[in-house]
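Undergrad: Take this structure first; my questions come after.
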Amino acid sequence: MAFGPAISVGYESEAEYVDVELAARLEPVKAREDLQKTLPEGYGVVSVKSIPRFFPSLEETLNAARYELVSPLFVGTEEKWKQFAASERFMVIKKKADREEVIDARACVKTWTLEGENLDIVVRFGPGRTLKPERIAQAVCGLTDADIEMGGPECKVRVKRVQFFLEKQGGELVEP
């Protein structure tokens with residue numbers, strides 16, 4: 001059993017997936033019913049799908065996610081987002097424990113919409129191009145680290161992951 005991709009600390013999520021390898025074939029309908037019986041109140045199994053035995057894992061397959069970010073700090077930043085959208089590249093420094101990387105945030109963002117304090121954003125991820133959505137918003141809006149510190153008492157940005165996708169070569173987004 002493998003969950004993936006992992007959720008970041010401080011995020012809410014409506015998009016959790018798990019790969020389960022079984023020793024024997026199990027009908028998806030029965031599997032869903034049995035799983036549902038074991039879950040705590042308030043949780044539910046959305047769907048169960050049978051996939052070929054040698055299909056790549058979710059971690060290898062998924063390469064984009066949709067997030068809903070909410071913050072009063074986004075109000076009035078429409079012009080900054082328009083400049084971001086018009087830019088060919090938008091370089092952001094990604095801080096790691098042992099080094100810093102420079103990532104093109106523009107290449108990471110597939111789509112975005114901003115309405116008041118609500119930012120809906122589809123972010124691509126994968127080797128050499130992964131940025132958290134709050135880091136993208138920080139760079140575009142000029143926010144501080146304290147503004148986006150997930151789970152901290154000073155955090156002014158709420159992040160919810162709502163969908164995962166496989167982005168095909170032609171740009172089409174497909175849900176698993």
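Ligands are numbered from 1 in the order shown, chains are lettered A, B, ... in the order of the structure tokens, and residues start at 1 in each chain.
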I need the residues of region 2-172 of chain A that end up classed as helix (DSSP H, G or I) by DSSP on the backbone, written out as a JSON list (two decimals) with N, CA and C atoms, in the first residue's frame.
TA:
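Written output follows (result16.json):
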[["chain", "number", "residue", "atom", "x", "y", "z"],
["A", 28, "PRO", "N", -13.78, -4.29, -7.63],
["A", 28, "PRO", "CA", -13.75, -2.90, -7.13],
["A", 28, "PRO", "C", -14.95, -2.51, -6.28],
["A", 29, "VAL", "N", -16.15, -2.95, -6.65],
["A", 29, "VAL", "CA", -17.35, -2.59, -5.88],
["A", 29, "VAL", "C", -17.25, -3.15, -4.46],
["A", 30, "LYS", "N", -16.84, -4.41, -4.33],
["A", 30, "LYS", "CA", -16.69, -5.04, -3.01],
["A", 30, "LYS", "C", -15.57, -4.36, -2.22],
["A", 31, "ALA", "N", -14.48, -4.05, -2.89],
["A", 31, "ALA", "CA", -13.36, -3.37, -2.23],
["A", 31, "ALA", "C", -13.80, -2.03, -1.66],
["A", 32, "ARG", "N", -14.57, -1.27, -2.45],
["A", 32, "ARG", "CA", -15.06, 0.03, -1.99],
["A", 32, "ARG", "C", -15.95, -0.12, -0.77],
["A", 33, "GLU", "N", -16.86, -1.07, -0.81],
["A", 33, "GLU", "CA", -17.77, -1.31, 0.32],
["A", 33, "GLU", "C", -16.98, -1.70, 1.58],
["A", 34, "ASP", "N", -16.02, -2.60, 1.43],
["A", 34, "ASP", "CA", -15.24, -3.06, 2.58],
["A", 34, "ASP", "C", -14.37, -1.94, 3.15],
["A", 35, "LEU", "N", -13.76, -1.14, 2.27],
["A", 35, "LEU", "CA", -12.96, -0.01, 2.73],
["A", 35, "LEU", "C", -13.81, 1.00, 3.48],
["A", 36, "GLN", "N", -14.97, 1.31, 2.93],
["A", 36, "GLN", "CA", -15.86, 2.30, 3.54],
["A", 36, "GLN", "C", -16.23, 1.92, 4.97],
["A", 37, "LYS", "N", -16.42, 0.63, 5.21],
["A", 37, "LYS", "CA", -16.81, 0.15, 6.55],
["A", 37, "LYS", "C", -15.73, 0.42, 7.60],
["A", 38, "THR", "N", -14.48, 0.53, 7.17],
["A", 38, "THR", "CA", -13.37, 0.68, 8.12],
["A", 38, "THR", "C", -12.98, 2.13, 8.38],
["A", 58, "LEU", "N", 1.14, 5.81, -8.72],
["A", 58, "LEU", "CA", 0.61, 7.17, -8.75],
["A", 58, "LEU", "C", 1.73, 8.19, -8.68],
["A", 59, "GLU", "N", 2.71, 7.92, -7.85],
["A", 59, "GLU", "CA", 3.85, 8.83, -7.68],
["A", 59, "GLU", "C", 4.55, 9.08, -9.02],
["A", 60, "GLU", "N", 4.61, 8.05, -9.86],
["A", 60, "GLU", "CA", 5.26, 8.17, -11.17],
["A", 60, "GLU", "C", 4.34, 8.76, -12.23],
["A", 61, "THR", "N", 3.03, 8.62, -12.04],
["A", 61, "THR", "CA", 2.06, 8.98, -13.07],
["A", 61, "THR", "C", 1.57, 10.42, -12.96],
["A", 72, "PRO", "N", -6.61, 36.95, 2.61],
["A", 72, "PRO", "CA", -6.92, 38.37, 2.37],
["A", 72, "PRO", "C", -5.75, 39.09, 1.70],
["A", 73, "LEU", "N", -4.56, 38.51, 1.75],
["A", 73, "LEU", "CA", -3.38, 39.12, 1.13],
["A", 73, "LEU", "C", -3.43, 39.09, -0.40],
["A", 74, "PHE", "N", -4.33, 38.29, -0.97],
["A", 74, "PHE", "CA", -4.46, 38.21, -2.43],
["A", 74, "PHE", "C", -5.32, 39.33, -3.00],
["A", 78, "GLU", "N", -4.40, 41.46, -8.57],
["A", 78, "GLU", "CA", -4.73, 41.02, -9.92],
["A", 78, "GLU", "C", -3.68, 41.45, -10.94],
["A", 79, "GLU", "N", -3.20, 42.69, -10.83],
["A", 79, "GLU", "CA", -2.21, 43.19, -11.78],
["A", 79, "GLU", "C", -0.91, 42.39, -11.71],
["A", 80, "LYS", "N", -0.50, 42.01, -10.51],
["A", 80, "LYS", "CA", 0.71, 41.19, -10.34],
["A", 80, "LYS", "C", 0.54, 39.83, -11.02],
["A", 81, "TRP", "N", -0.67, 39.24, -10.89],
["A", 81, "TRP", "CA", -0.93, 37.95, -11.53],
["A", 81, "TRP", "C", -0.98, 38.09, -13.05],
["A", 82, "LYS", "N", -1.48, 39.21, -13.55],
["A", 82, "LYS", "CA", -1.49, 39.44, -15.00],
["A", 82, "LYS", "C", -0.06, 39.57, -15.52],
["A", 83, "GLN", "N", 0.80, 40.25, -14.76],
["A", 83, "GLN", "CA", 2.21, 40.37, -15.15],
["A", 83, "GLN", "C", 2.88, 39.00, -15.13],
["A", 84, "PHE", "N", 2.56, 38.21, -14.13],
["A", 84, "PHE", "CA", 3.08, 36.84, -14.04],
["A", 84, "PHE", "C", 2.66, 36.04, -15.27],
["A", 85, "ALA", "N", 1.39, 36.12, -15.63],
["A", 85, "ALA", "CA", 0.86, 35.37, -16.77],
["A", 85, "ALA", "C", 1.50, 35.81, -18.08],
["A", 86, "ALA", "N", 1.79, 37.10, -18.19],
["A", 86, "ALA", "CA", 2.38, 37.64, -19.42],
["A", 86, "ALA", "C", 3.88, 37.35, -19.53],
["A", 105, "ALA", "N", 8.79, 29.45, -12.06],
["A", 105, "ALA", "CA", 7.41, 29.31, -11.58],
["A", 105, "ALA", "C", 6.42, 29.39, -12.73],
["A", 106, "ARG", "N", 6.74, 30.12, -13.76],
["A", 106, "ARG", "CA", 5.82, 30.25, -14.90],
["A", 106, "ARG", "C", 5.61, 28.89, -15.56],
["A", 107, "ALA", "N", 6.68, 28.10, -15.67],
["A", 107, "ALA", "CA", 6.56, 26.76, -16.25],
["A", 107, "ALA", "C", 5.78, 25.81, -15.34],
["A", 108, "CYS", "N", 5.75, 26.09, -14.06],
["A", 108, "CYS", "CA", 5.03, 25.24, -13.10],
["A", 108, "CYS", "C", 3.53, 25.48, -13.09],
["A", 133, "PRO", "N", 2.36, 25.65, -4.10],
["A", 133, "PRO", "CA", 1.52, 26.76, -4.56],
["A", 133, "PRO", "C", 1.64, 28.02, -3.72],
["A", 134, "GLU", "N", 1.84, 27.87, -2.41],
["A", 134, "GLU", "CA", 1.98, 29.06, -1.57],
["A", 134, "GLU", "C", 3.29, 29.79, -1.86],
["A", 135, "ARG", "N", 4.33, 29.06, -2.30],
["A", 135, "ARG", "CA", 5.60, 29.71, -2.68],
["A", 135, "ARG", "C", 5.44, 30.49, -3.98],
["A", 136, "ILE", "N", 4.63, 29.96, -4.89],
["A", 136, "ILE", "CA", 4.36, 30.69, -6.12],
["A", 136, "ILE", "C", 3.60, 31.97, -5.79],
["A", 137, "ALA", "N", 2.56, 31.85, -4.97],
["A", 137, "ALA", "CA", 1.78, 33.03, -4.57],
["A", 137, "ALA", "C", 2.66, 34.03, -3.83],
["A", 138, "GLN", "N", 3.57, 33.54, -2.99],
["A", 138, "GLN", "CA", 4.48, 34.42, -2.27],
["A", 138, "GLN", "C", 5.32, 35.25, -3.25],
["A", 139, "ALA", "N", 5.88, 34.57, -4.25],
["A", 139, "ALA", "CA", 6.74, 35.26, -5.21],
["A", 139, "ALA", "C", 5.94, 36.27, -6.06],
["A", 140, "VAL", "N", 4.77, 35.87, -6.51],
["A", 140, "VAL", "CA", 3.97, 36.75, -7.36],
["A", 140, "VAL", "C", 3.46, 37.95, -6.57],
["A", 141, "CYS", "N", 2.98, 37.72, -5.35],
["A", 141, "CYS", "CA", 2.33, 38.78, -4.56],
["A", 141, "CYS", "C", 3.29, 39.53, -3.65],
["A", 145, "ASP", "N", 7.82, 35.16, 4.34],
["A", 145, "ASP", "CA", 7.83, 33.76, 4.76],
["A", 145, "ASP", "C", 6.80, 33.53, 5.86],
["A", 146, "ALA", "N", 6.66, 34.48, 6.79],
["A", 146, "ALA", "CA", 5.70, 34.33, 7.89],
["A", 146, "ALA", "C", 4.26, 34.29, 7.36],
["A", 147, "ASP", "N", 3.99, 35.02, 6.29],
["A", 147, "ASP", "CA", 2.65, 35.03, 5.71],
["A", 147, "ASP", "C", 2.22, 33.64, 5.23],
["A", 148, "ILE", "N", 3.18, 32.87, 4.75],
["A", 148, "ILE", "CA", 2.84, 31.58, 4.13],
["A", 148, "ILE", "C", 3.31, 30.37, 4.93]]
Undergrad: Can you pull out the residues contacting Leu119 (chain A)? Cut-off 9 Å, using only C-alpha atoms, and skip same-chain residues under 2 positions away; I want them as a PyMOL selection string.
TA: chain A and resi 67-71+74+112-117+121+137
Undergrad: Write out, as a CSV table (one decimal), in the first residue's frame, the residues just selected, with N, CA and C atoms.
TA:
chain,number,residue,atom,x,y,z
A,67,TYR,N,-5.1,23.4,-6.7
A,67,TYR,CA,-5.2,23.9,-5.3
A,67,TYR,C,-6.1,25.1,-5.2
A,68,GLU,N,-6.8,25.2,-4.1
A,68,GLU,CA,-7.5,26.4,-3.7
A,68,GLU,C,-6.8,27.1,-2.6
A,69,LEU,N,-6.3,28.3,-2.8
A,69,LEU,CA,-5.7,29.1,-1.8
A,69,LEU,C,-6.6,30.2,-1.4
A,70,VAL,N,-6.7,30.5,-0.1
A,70,VAL,CA,-7.5,31.6,0.4
A,70,VAL,C,-6.7,32.5,1.3
A,71,SER,N,-6.7,33.8,1.0
A,71,SER,CA,-5.9,34.7,1.8
A,71,SER,C,-6.4,36.2,1.6
A,74,PHE,N,-4.3,38.3,-1.0
A,74,PHE,CA,-4.5,38.2,-2.4
A,74,PHE,C,-5.3,39.3,-3.0
A,112,TRP,N,-4.5,29.5,-13.7
A,112,TRP,CA,-4.9,30.2,-12.4
A,112,TRP,C,-6.0,31.1,-12.6
A,113,THR,N,-6.8,31.3,-11.6
A,113,THR,CA,-7.9,32.3,-11.5
A,113,THR,C,-7.9,32.9,-10.1
A,114,LEU,N,-8.0,34.2,-10.1
A,114,LEU,CA,-8.1,35.0,-8.8
A,114,LEU,C,-9.4,35.7,-8.7
A,115,GLU,N,-10.1,35.5,-7.7
A,115,GLU,CA,-11.3,36.2,-7.4
A,115,GLU,C,-11.3,36.7,-5.9
A,116,GLY,N,-10.9,38.0,-5.7
A,116,GLY,CA,-10.8,38.5,-4.4
A,116,GLY,C,-9.7,37.8,-3.6
A,117,GLU,N,-10.1,37.1,-2.6
A,117,GLU,CA,-9.1,36.4,-1.8
A,117,GLU,C,-8.9,34.9,-2.1
A,121,ILE,N,-5.5,27.4,-8.6
A,121,ILE,CA,-4.3,27.3,-9.4
A,121,ILE,C,-4.0,25.8,-9.6
A,137,ALA,N,2.6,31.8,-5.0
A,137,ALA,CA,1.8,33.0,-4.6
A,137,ALA,C,2.7,34.0,-3.8
Undergrad: Just want the 7 Å neighbourhood of region 6-18 of chain A, counted on only C-alpha atoms, with same-chain residues fewer than 3 positions away dropped. Output as a PyMOL selection string.
TA: chain A and resi 1-3+150-151+159-164
Undergrad: Would you please extract all strand (DSSP E or B) residues from region 54-164 of chain A, as assigned by DSSP on the backbone, and give them as a VMD selection string?
TA: chain A and resid 64 to 70 91 to 95 100 to 104 109 to 115 118 to 124 158 to 164
Undergrad: Rank nothing, just name the residue among A:Asp98, A:Asp104, A:Glu167, A:Glu154 nearest to Ala65 (chain A), using only C-alpha atoms.
TA: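 Ranking A:Asp98, A:Asp104, A:Glu167, A:Glu154 by distance to Ala65 (chain A), first place goes to A:Glu167.
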Undergrad: For a quick check of understanding, using only C-alpha atoms, which of A:Asn118, A:Gly171, A:Pro176, A:Phe55 has the smallest distance to Arg158 (chain A)?
TA: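 Looking only at the distances to Arg158 (chain A), the closest residue turns out to be A:Asn118.
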Undergrad: Of the candidates A:Cys155, A:Lys95, A:Glu100, A:Leu143, which one gets nearest to Thr77 (chain A) if we count only C-alpha atoms?
TA: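 Closest to Thr77 (chain A), using only C-alpha atoms: A:Leu143.
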Undergrad: Would you mind reading off the distance between CA of Ser57 (chain A) and CA of Tyr43 (chain A), one decimal, in Å?
TA: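 Computing it gives 23.4 Å between the two atoms.
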